[in-house]
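Raw contents of protein_15.cif, mmCIF, C-alpha atoms:
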```
data_entry
#
loop_
_atom_site.group_PDB
_atom_site.id
_atom_site.type_symbol
_atom_site.label_atom_id
_atom_site.label_comp_id
_atom_site.auth_asym_id
_atom_site.auth_seq_id
_atom_site.Cartn_x
_atom_site.Cartn_y
_atom_site.Cartn_z
ATOM 1 C CA MET S 872 -25.778 60.382 86.619
ATOM 2 C CA ASN S 873 -29.051 61.689 87.948
ATOM 3 C CA ASN S 874 -28.618 64.993 86.164
ATOM 4 C CA TRP S 875 -28.603 63.453 82.715
ATOM 5 C CA ASN S 876 -30.893 65.122 80.280
ATOM 6 C CA GLY S 877 -33.164 63.395 77.770
ATOM 7 C CA CYS S 878 -30.596 63.462 75.003
ATOM 8 C CA GLU S 879 -27.966 61.705 77.125
ATOM 9 C CA LYS S 880 -30.482 59.132 78.323
ATOM 10 C CA GLN S 881 -31.559 58.450 74.785
ATOM 11 C CA MET S 882 -27.961 57.954 73.693
ATOM 12 C CA HIS S 883 -27.178 55.775 76.709
ATOM 13 C CA ALA S 884 -29.911 53.417 75.501
ATOM 14 C CA TRP S 885 -28.012 52.767 72.268
ATOM 15 C CA LYS S 886 -26.368 49.429 72.851
ATOM 16 C CA PRO S 887 -22.786 49.264 71.550
ATOM 17 C CA ARG S 888 -22.024 46.496 69.118
ATOM 18 C CA GLY S 889 -20.330 43.604 70.897
ATOM 19 C CA PRO S 890 -17.180 41.718 69.904
ATOM 20 C CA ALA S 891 -17.185 38.394 68.095
ATOM 21 C CA LYS S 892 -17.662 35.325 70.270
ATOM 22 C CA ALA S 893 -14.440 33.875 68.876
ATOM 23 C CA ILE S 894 -12.355 36.483 70.742
ATOM 24 C CA GLU S 895 -13.782 35.463 74.116
ATOM 25 C CA ILE S 896 -13.152 31.798 73.288
ATOM 26 C CA ARG S 897 -9.570 32.583 72.246
ATOM 27 C CA LEU S 898 -8.914 34.519 75.456
ATOM 28 C CA PHE S 899 -10.750 32.489 78.062
ATOM 29 C CA GLY S 900 -11.609 29.172 76.416
ATOM 30 C CA ASP S 901 -14.956 27.735 75.361
ATOM 31 C CA LYS S 902 -17.373 27.528 78.284
ATOM 32 C CA THR S 903 -20.442 26.561 76.286
ATOM 33 C CA THR S 904 -19.580 22.884 75.653
ATOM 34 C CA SER S 905 -19.005 20.298 78.386
ATOM 35 C CA PRO S 906 -15.492 18.838 78.907
ATOM 36 C CA ALA S 907 -16.726 15.473 77.589
ATOM 37 C CA GLY S 908 -18.110 17.123 74.465
ATOM 38 C CA ARG S 909 -14.861 19.026 74.001
ATOM 39 C CA GLY S 910 -12.932 15.733 74.298
ATOM 40 C CA HIS S 911 -14.993 14.100 71.555
ATOM 41 C CA TRP S 912 -14.676 17.134 69.345
ATOM 42 C CA ARG S 913 -10.913 17.251 69.816
ATOM 43 C CA LEU S 914 -10.664 13.520 69.087
ATOM 44 C CA ALA S 915 -12.695 13.979 65.913
ATOM 45 C CA GLN S 916 -10.493 16.896 64.851
ATOM 46 C CA GLU S 917 -7.349 14.826 65.368
ATOM 47 C CA TRP S 918 -8.572 11.783 63.474
ATOM 48 C CA ALA S 919 -10.525 13.474 60.690
ATOM 49 C CA PRO S 920 -7.489 14.188 58.431
ATOM 50 C CA ALA S 921 -6.166 10.627 58.816
ATOM 51 C CA LEU S 922 -9.553 9.097 58.043
ATOM 52 C CA GLY S 923 -10.003 11.419 55.102
ATOM 53 C CA GLY S 924 -6.585 10.406 53.757
ATOM 54 C CA CYS S 925 -7.432 6.709 54.066
ATOM 55 C CA PHE S 926 -10.703 7.229 52.218
ATOM 56 C CA MET S 927 -9.014 9.105 49.387
ATOM 57 C CA ALA S 928 -6.329 6.405 49.083
ATOM 58 C CA ALA S 929 -8.975 3.682 48.953
ATOM 59 C CA LEU S 930 -10.842 5.637 46.288
ATOM 60 C CA LEU S 931 -7.652 5.972 44.228
ATOM 61 C CA PHE S 932 -6.794 2.271 44.481
ATOM 62 C CA SER S 933 -10.340 1.313 43.607
ATOM 63 C CA GLY S 934 -9.897 3.105 40.311
ATOM 64 C CA LEU S 935 -6.516 1.476 39.608
ATOM 65 C CA LEU S 936 -6.979 -2.073 40.859
ATOM 66 C CA GLY S 937 -10.652 -2.803 40.561
ATOM 67 C CA PRO S 938 -14.133 -2.121 41.850
ATOM 68 C CA VAL S 939 -13.602 -1.731 45.591
ATOM 69 C CA PHE S 940 -16.551 0.626 45.643
ATOM 70 C CA PRO S 941 -18.945 -0.741 42.986
ATOM 71 C CA ALA S 942 -21.707 1.569 44.093
ATOM 72 C CA LEU S 943 -19.639 4.581 42.976
ATOM 73 C CA ARG S 944 -19.163 3.256 39.448
ATOM 74 C CA THR S 945 -21.585 4.720 36.924
ATOM 75 C CA ASP S 946 -21.658 1.584 34.781
ATOM 76 C CA ALA S 947 -22.380 -0.718 37.698
ATOM 77 C CA TYR S 948 -25.262 -2.991 36.657
ATOM 78 C CA ARG S 949 -26.841 -3.002 40.094
ATOM 79 C CA GLY S 950 -27.189 0.735 40.182
ATOM 80 C CA VAL S 951 -28.939 1.067 36.805
ATOM 81 C CA HIS S 952 -31.334 -1.794 36.282
ATOM 82 C CA PRO S 953 -34.161 -0.781 38.661
ATOM 83 C CA LEU S 954 -34.605 2.409 36.670
ATOM 84 C CA GLU S 955 -34.673 0.565 33.398
ATOM 85 C CA TRP S 956 -37.233 -1.935 34.596
ATOM 86 C CA SER S 957 -39.481 0.753 35.976
ATOM 87 C CA SER S 958 -39.408 2.959 32.868
ATOM 88 C CA GLN S 959 -39.478 1.994 29.221
ATOM 89 C CA ALA S 960 -38.227 5.413 28.250
ATOM 90 C CA MET S 961 -35.089 4.942 30.358
ATOM 91 C CA ALA S 962 -34.489 1.525 28.825
ATOM 92 C CA ALA S 963 -34.682 2.957 25.309
ATOM 93 C CA PHE S 964 -31.713 5.253 25.952
ATOM 94 C CA ASP S 965 -29.477 2.551 27.359
ATOM 95 C CA THR S 966 -28.275 0.606 24.344
ATOM 96 C CA CYS S 967 -25.741 -1.534 26.123
ATOM 97 C CA HIS S 968 -28.364 -3.814 27.628
ATOM 98 C CA TRP S 969 -30.917 -6.054 25.979
ATOM 99 C CA HIS S 970 -33.774 -4.038 27.494
ATOM 100 C CA SER S 971 -33.526 -1.515 24.702
ATOM 101 C CA GLU S 972 -34.514 -4.204 22.239
ATOM 102 C CA GLN S 973 -37.616 -5.090 24.218
ATOM 103 C CA ASN S 974 -39.212 -1.688 24.492
ATOM 104 C CA GLY S 975 -42.423 -0.562 22.844
ATOM 105 C CA LEU S 976 -41.100 2.483 21.040
ATOM 106 C CA PRO S 977 -41.657 2.645 17.238
ATOM 107 C CA LYS S 978 -38.765 1.554 15.007
ATOM 108 C CA THR S 979 -37.842 3.310 11.834
ATOM 109 C CA ILE S 980 -38.507 0.997 8.891
ATOM 110 C CA LEU S 981 -37.762 2.063 5.321
ATOM 111 C CA GLN S 982 -40.280 0.764 2.798
ATOM 112 C CA TRP S 983 -40.656 1.414 -0.904
ATOM 113 C CA THR S 984 -44.175 2.348 -1.985
ATOM 114 C CA ILE S 985 -45.929 2.617 -5.360
ATOM 115 C CA ASN S 986 -48.956 4.940 -5.414
ATOM 116 C CA GLY S 987 -49.172 4.777 -1.586
ATOM 117 C CA VAL S 988 -49.251 0.984 -1.560
ATOM 118 C CA SER S 989 -46.428 -0.952 -0.036
ATOM 119 C CA SER S 990 -44.198 -2.517 -2.656
ATOM 120 C CA SER S 991 -43.593 -5.455 -0.375
ATOM 121 C CA SER S 992 -47.270 -6.403 -0.211
ATOM 122 C CA LYS S 993 -48.178 -9.705 -1.678
ATOM 123 C CA GLY S 994 -50.635 -8.435 -4.297
ATOM 124 C CA LEU S 995 -48.306 -5.941 -5.904
ATOM 125 C CA LEU S 996 -45.390 -8.318 -5.905
ATOM 126 C CA GLY S 997 -47.576 -10.996 -7.441
ATOM 127 C CA ARG S 998 -48.795 -8.690 -10.205
ATOM 128 C CA PHE S 999 -45.270 -7.534 -10.964
ATOM 129 C CA GLU S 1000 -44.029 -11.072 -11.101
ATOM 130 C CA THR S 1001 -46.950 -12.025 -13.276
ATOM 131 C CA ASN S 1002 -46.246 -9.136 -15.646
ATOM 132 C CA SER S 1003 -42.528 -9.764 -15.799
ATOM 133 C CA MET S 1004 -43.033 -13.391 -16.609
ATOM 134 C CA MET S 1005 -45.343 -12.611 -19.479
ATOM 135 C CA PRO S 1006 -43.859 -13.179 -22.889
ATOM 136 C CA MET B 848 -5.686 29.985 93.895
ATOM 137 C CA THR B 849 -2.685 30.769 91.644
ATOM 138 C CA ASP B 850 -1.916 34.214 90.207
ATOM 139 C CA GLY B 851 -2.831 32.974 86.737
ATOM 140 C CA GLU B 852 -6.272 31.789 87.831
ATOM 141 C CA PHE B 853 -6.883 35.022 89.705
ATOM 142 C CA ASN B 854 -5.924 37.086 86.636
ATOM 143 C CA HIS B 855 -8.144 34.912 84.515
ATOM 144 C CA GLN B 856 -11.126 35.610 86.761
ATOM 145 C CA TRP B 857 -10.973 39.382 86.991
ATOM 146 C CA CYS B 858 -10.016 39.687 83.316
ATOM 147 C CA GLU B 859 -12.954 37.578 82.248
ATOM 148 C CA ARG B 860 -15.359 39.551 84.408
ATOM 149 C CA LEU B 861 -14.001 42.822 83.037
ATOM 150 C CA TYR B 862 -14.261 41.504 79.487
ATOM 151 C CA ARG B 863 -17.898 40.481 79.912
ATOM 152 C CA GLU B 864 -18.819 43.830 81.438
ATOM 153 C CA ARG B 865 -16.802 46.176 79.254
ATOM 154 C CA ALA B 866 -15.892 44.564 75.925
ATOM 155 C CA ALA B 867 -18.683 46.195 73.916
ATOM 156 C CA GLU B 868 -17.977 49.636 75.418
ATOM 157 C CA LEU B 869 -14.257 49.277 74.707
ATOM 158 C CA LEU B 870 -15.028 48.391 71.106
ATOM 159 C CA LEU B 871 -17.163 51.503 70.858
ATOM 160 C CA TYR B 872 -14.277 53.500 72.297
ATOM 161 C CA GLY B 873 -12.023 51.969 69.655
ATOM 162 C CA ARG B 874 -14.454 53.115 66.982
ATOM 163 C CA ALA B 875 -14.445 56.582 68.510
ATOM 164 C CA LEU B 876 -10.640 56.562 68.256
ATOM 165 C CA GLY B 877 -10.906 55.956 64.538
ATOM 166 C CA LEU B 878 -10.517 52.191 64.271
ATOM 167 C CA SER B 879 -12.733 49.890 62.253
ATOM 168 C CA HIS B 880 -14.722 47.229 64.074
ATOM 169 C CA ALA B 881 -12.217 44.505 63.158
ATOM 170 C CA GLU B 882 -9.263 46.666 64.211
ATOM 171 C CA ALA B 883 -10.943 47.497 67.507
ATOM 172 C CA GLU B 884 -11.457 43.768 68.054
ATOM 173 C CA ASP B 885 -7.749 43.142 67.405
ATOM 174 C CA VAL B 886 -6.774 45.835 69.890
ATOM 175 C CA LEU B 887 -9.270 44.497 72.430
ATOM 176 C CA GLN B 888 -7.815 41.012 72.138
ATOM 177 C CA GLY B 889 -4.262 42.338 72.444
ATOM 178 C CA THR B 890 -5.167 44.380 75.522
ATOM 179 C CA PHE B 891 -6.696 41.429 77.333
ATOM 180 C CA GLN B 892 -3.919 39.073 76.303
ATOM 181 C CA ALA B 893 -1.439 41.468 77.879
ATOM 182 C CA MET B 894 -3.532 41.776 81.045
ATOM 183 C CA LEU B 895 -3.845 38.008 81.394
ATOM 184 C CA VAL B 896 -0.079 37.674 81.839
ATOM 185 C CA LEU B 897 0.261 40.461 84.409
ATOM 186 C CA GLU B 898 1.964 39.229 87.559
ATOM 187 C CA ILE B 899 0.216 41.721 89.811
ATOM 188 C CA PRO B 900 -3.336 42.838 89.042
ATOM 189 C CA PRO B 901 -3.654 46.623 88.572
ATOM 190 C CA ARG B 902 -5.129 48.663 91.400
ATOM 191 C CA ASN B 903 -7.969 49.891 89.231
ATOM 192 C CA PRO B 904 -8.414 47.228 86.503
ATOM 193 C CA GLU B 905 -11.068 49.078 84.542
ATOM 194 C CA PHE B 906 -9.116 52.309 84.423
ATOM 195 C CA TYR B 907 -5.928 50.444 83.527
ATOM 196 C CA CYS B 908 -7.780 48.574 80.792
ATOM 197 C CA VAL B 909 -9.103 51.752 79.149
ATOM 198 C CA ARG B 910 -5.650 53.397 79.249
ATOM 199 C CA SER B 911 -3.995 50.304 77.862
ATOM 200 C CA PHE B 912 -6.638 49.980 75.146
ATOM 201 C CA ARG B 913 -6.169 53.634 74.173
ATOM 202 C CA ASN B 914 -2.391 53.331 73.928
ATOM 203 C CA ARG B 915 -2.650 50.182 71.852
ATOM 204 C CA ALA B 916 -5.259 51.775 69.599
ATOM 205 C CA PHE B 917 -2.909 54.665 68.830
ATOM 206 C CA ASN B 918 0.062 52.352 68.305
ATOM 207 C CA TYR B 919 -1.884 50.101 66.006
ATOM 208 C CA ARG B 920 -0.275 50.092 62.593
ATOM 209 C CA ARG B 921 -2.516 51.759 60.058
ATOM 210 C CA SER B 922 -1.741 50.684 56.573
ATOM 211 C CA TRP B 923 -3.218 52.146 53.416
ATOM 212 C CA TRP B 924 -5.678 49.358 52.726
ATOM 213 C CA ARG B 925 -6.795 49.395 56.356
ATOM 214 C CA ARG B 926 -7.713 53.048 56.024
ATOM 215 C CA ILE B 927 -9.703 52.296 52.878
ATOM 216 C CA TRP B 928 -11.467 49.425 54.594
ATOM 217 C CA ARG B 929 -12.226 51.641 57.586
ATOM 218 C CA GLU B 930 -13.913 54.189 55.366
ATOM 219 C CA LEU B 931 -16.046 51.474 53.778
ATOM 220 C CA GLU B 932 -16.932 49.946 57.112
ATOM 221 C CA SER B 933 -17.753 53.183 58.952
ATOM 222 C CA ARG B 934 -21.151 52.060 60.192
ATOM 223 C CA HIS B 935 -22.736 49.788 62.758
ATOM 224 C CA TRP B 936 -21.277 51.243 65.908
ATOM 225 C CA PHE B 937 -24.351 50.059 67.766
ATOM 226 C CA GLU B 938 -26.581 47.019 67.836
ATOM 227 C CA ASP B 939 -29.575 47.382 65.556
ATOM 228 C CA SER B 940 -32.573 48.105 67.811
ATOM 229 C CA GLY B 941 -35.095 47.677 65.013
ATOM 230 C CA VAL B 942 -37.226 50.614 66.228
ATOM 231 C CA GLU B 943 -34.899 53.457 65.396
ATOM 232 C CA SER B 944 -36.342 56.809 64.400
ATOM 233 C CA GLU B 945 -34.944 58.848 61.553
ATOM 234 C CA ARG B 946 -33.551 61.364 64.034
ATOM 235 C CA GLU B 947 -31.810 58.703 66.054
ATOM 236 C CA HIS B 948 -30.279 57.344 62.896
ATOM 237 C CA GLU B 949 -29.140 60.828 61.958
ATOM 238 C CA ALA B 950 -27.724 61.377 65.473
ATOM 239 C CA LYS B 951 -25.704 58.153 65.258
ATOM 240 C CA ARG B 952 -24.295 59.274 61.960
ATOM 241 C CA ALA B 953 -23.522 62.664 63.454
ATOM 242 C CA LEU B 954 -21.677 61.002 66.351
ATOM 243 C CA ILE B 955 -19.516 59.154 63.847
ATOM 244 C CA ARG B 956 -18.788 62.421 62.028
ATOM 245 C CA LEU B 957 -17.823 64.368 65.166
ATOM 246 C CA PRO B 958 -14.147 65.251 65.629
ATOM 247 C CA MET B 959 -12.294 62.436 67.356
ATOM 248 C CA GLU B 960 -11.581 64.453 70.519
ATOM 249 C CA GLN B 961 -15.293 65.115 71.098
ATOM 250 C CA ARG B 962 -16.337 61.601 70.132
ATOM 251 C CA GLU B 963 -13.868 60.082 72.549
ATOM 252 C CA VAL B 964 -15.065 62.132 75.491
ATOM 253 C CA ILE B 965 -18.736 61.491 74.710
ATOM 254 C CA VAL B 966 -18.193 57.715 74.509
ATOM 255 C CA LEU B 967 -16.236 57.643 77.782
ATOM 256 C CA LYS B 968 -18.844 59.771 79.545
ATOM 257 C CA ILE B 969 -22.047 58.179 78.278
ATOM 258 C CA TRP B 970 -21.160 54.513 77.716
ATOM 259 C CA HIS B 971 -18.278 54.049 80.167
ATOM 260 C CA ASP B 972 -19.935 56.160 82.896
ATOM 261 C CA TYR B 973 -16.751 58.052 83.752
ATOM 262 C CA THR B 974 -16.750 61.472 85.400
ATOM 263 C CA PHE B 975 -14.953 64.415 83.804
ATOM 264 C CA ASP B 976 -12.171 64.016 86.392
ATOM 265 C CA GLU B 977 -11.653 60.375 85.475
ATOM 266 C CA ILE B 978 -11.721 61.112 81.754
ATOM 267 C CA GLY B 979 -9.219 63.885 82.361
ATOM 268 C CA ARG B 980 -6.882 61.404 84.045
ATOM 269 C CA ILE B 981 -7.224 58.900 81.193
ATOM 270 C CA LEU B 982 -6.572 61.526 78.532
ATOM 271 C CA ARG B 983 -4.122 63.552 80.649
ATOM 272 C CA LEU B 984 -6.233 66.673 80.241
ATOM 273 C CA SER B 985 -7.863 69.067 82.657
ATOM 274 C CA PRO B 986 -11.473 68.276 83.610
ATOM 275 C CA ASN B 987 -12.515 71.655 82.191
ATOM 276 C CA THR B 988 -11.132 70.836 78.762
ATOM 277 C CA VAL B 989 -12.867 67.472 78.848
ATOM 278 C CA ALA B 990 -16.156 69.068 79.893
ATOM 279 C CA GLY B 991 -15.866 71.639 77.109
ATOM 280 C CA ARG B 992 -15.321 69.004 74.459
ATOM 281 C CA TYR B 993 -18.195 66.989 75.805
ATOM 282 C CA ARG B 994 -20.638 69.861 75.864
ATOM 283 C CA TYR B 995 -19.752 71.070 72.421
ATOM 284 C CA GLY B 996 -20.051 67.603 70.895
ATOM 285 C CA LEU B 997 -23.259 66.807 72.713
ATOM 286 C CA GLN B 998 -24.780 70.102 71.658
ATOM 287 C CA LYS B 999 -24.531 69.028 68.039
ATOM 288 C CA LEU B 1000 -26.155 65.695 68.737
ATOM 289 C CA ARG B 1001 -28.877 67.261 70.844
ATOM 290 C CA ILE B 1002 -29.805 69.569 68.008
ATOM 291 C CA ILE B 1003 -30.347 66.575 65.765
ATOM 292 C CA LEU B 1004 -32.313 64.589 68.319
ATOM 293 C CA ASP B 1005 -34.500 67.528 69.317
ATOM 294 C CA ALA B 1006 -34.597 69.295 65.965
ATOM 295 C CA ASN B 1007 -37.962 70.651 64.885
ATOM 296 C CA ASP B 1008 -36.686 72.051 61.669
ATOM 297 C CA TYR B 1009 -33.635 71.745 59.509
ATOM 298 C CA GLU B 1010 -32.486 75.342 59.946
ATOM 299 C CA GLN B 1011 -30.674 74.314 63.103
ATOM 300 C CA LEU B 1012 -28.984 71.469 61.280
ATOM 301 C CA GLU B 1013 -27.782 73.855 58.637
ATOM 302 C CA TRP B 1014 -26.433 76.145 61.338
ATOM 303 C CA MET B 1015 -24.618 73.195 62.901
ATOM 304 C CA ARG B 1016 -23.008 72.198 59.616
ATOM 305 C CA GLU B 1017 -21.811 75.752 59.071
ATOM 306 C CA THR B 1018 -20.375 75.868 62.603
ATOM 307 C CA ASP B 1019 -18.600 72.572 61.966
ATOM 308 C CA ALA B 1020 -16.972 73.987 58.899
ATOM 309 C CA CYS B 1021 -15.803 77.102 60.778
ATOM 310 C CA MET B 1022 -14.669 75.453 64.019
ATOM 311 C CA GLU B 1023 -12.723 72.416 62.916
ATOM 312 C CA THR B 1024 -10.914 71.107 65.994
ATOM 313 C CA PRO B 1025 -7.146 70.838 65.471
ATOM 314 C CA ARG B 1026 -5.800 67.270 65.592
ATOM 315 C CA PRO B 1027 -3.232 66.445 68.284
ATOM 316 C CA GLY B 1028 0.347 66.495 67.171
#
```
Show me this structure written as structure tokens.
Amino acid sequence: MNNWNGCEKQMHAWKPRGPAKAIEIRLFGDKTTSPAGRGHWRLAQEWAPALGGCFMAALLFSGLLGPVFPALRTDAYRGVHPLEWSSQAMAAFDTCHWHSEQNGLPKTILQWTINGVSSSSKGLLGRFETNSMMP
Amino acid sequence: MTDGEFNHQWCERLYRERAAELLLYGRALGLSHAEAEDVLQGTFQAMLVLEIPPRNPEFYCVRSFRNRAFNYRRSWWRRIWRELESRHWFEDSGVESEREHEAKRALIRLPMEQREVIVLKIWHDYTFDEIGRILRLSPNTVAGRYRYGLQKLRIILDANDYEQLEWMRETDACMETPRPG
């Protein structure tokens, strides 16, 4: 190949695209991991479906029979209260607990007024009562 | 050492040394990258179960790969996919000039007979005699195909102006190589 010209040399430098690693593994086995590592991996592969099935069954029964996994339940008291105690705004939105009654947010109160003065004030009420009781 | 272990060893060595070049040869024969990988896997699977190793494993491998590539079933959707995936014959070097890029594209567009000979000569390091034996052709025919194909690529790589490229395109149109029956 000593008589190659520049063009051939230049082309020879183009590196052909190699095959996928998976083909070599399929043909000759995986040489990158140790036999011990392969053993653990194979064990995990064998047991993973069984463990997954057990977990799904437990999840299903927890829904039917009771709170086996209380942490997964959205209404679990233990999972919610730290948020409510740390934030008044959070407590205001959760009406199922007494915290919502203890917050500092303004309440809507309907009041009758006469000329901008509260009708429930003592003075007005007194005058009205005085007038109404006049003969 | 058993026959199986012995086969395993020489096959693995051959695979490590020649897999990329065989894939490139598959591309030159008109396969997509994925199809060439399938053929490569099939070739080596067949060689792994050989009772007696071939006298010249590399030569046997190329012949076997070529036969399998031609026998590979080519369905309609595979042809479509091949057209879409007609790039990336080579690893991306990152420092490729515009001319090199153009030359790679030109190599892909060469007639299959020329492409095949160029790949076997440049990347597989075969002589014209050896290529002739693989393709069952005379060395002179092989050399002619090689020179004609390389001339086109050389024009692109060494081109100072685009007049030569235009000439090449016109020649391509006039001298379309007939496909084998």
Quiz item: Please, what distance in Å, to one decimal, runs between atom CA of B:Gly991 and atom CA of B:Met959?
Solution: 13.9 Å
Give the residues of chain S that lie within 8 Å of chain B; count only C-alpha atoms, and format the answer as an mmCIF file with C-alpha atoms, in the coordinates of the input.
```cif
data_model
loop_
_atom_site.group_PDB
_atom_site.id
_atom_site.type_symbol
_atom_site.label_atom_id
_atom_site.label_comp_id
_atom_site.auth_asym_id
_atom_site.auth_seq_id
_atom_site.Cartn_x
_atom_site.Cartn_y
_atom_site.Cartn_z
ATOM 1 C CA CYS S 878 -30.596 63.462 75.003
ATOM 2 C CA GLU S 879 -27.966 61.705 77.125
ATOM 3 C CA MET S 882 -27.961 57.954 73.693
ATOM 4 C CA HIS S 883 -27.178 55.775 76.709
ATOM 5 C CA TRP S 885 -28.012 52.767 72.268
ATOM 6 C CA LYS S 886 -26.368 49.429 72.851
ATOM 7 C CA PRO S 887 -22.786 49.264 71.550
ATOM 8 C CA ARG S 888 -22.024 46.496 69.118
ATOM 9 C CA GLY S 889 -20.330 43.604 70.897
ATOM 10 C CA PRO S 890 -17.180 41.718 69.904
ATOM 11 C CA ALA S 891 -17.185 38.394 68.095
ATOM 12 C CA ILE S 894 -12.355 36.483 70.742
ATOM 13 C CA LEU S 898 -8.914 34.519 75.456
ATOM 14 C CA PHE S 899 -10.750 32.489 78.062
#
```
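When all atoms listed in the file are used to compute distances to B:Arg994, the closest of the residues B:Gln961, B:Asn903, B:Ser944, B:Ser879 turns out to be B:Gln961.
Here atom CA of B:Gly877 is placed at a distance of 24.4 Å from atom CA of B:Glu945.
Across the model, the gap from atom CA of B:Phe906 to atom CA of S:Gly877 is 27.3 Å.
The shortest atom-to-atom distance to B:Ile978, with all atoms listed in the file taken into account, belongs to B:Arg910 out of B:Arg946, B:Glu898, B:Ala893, B:Arg910.
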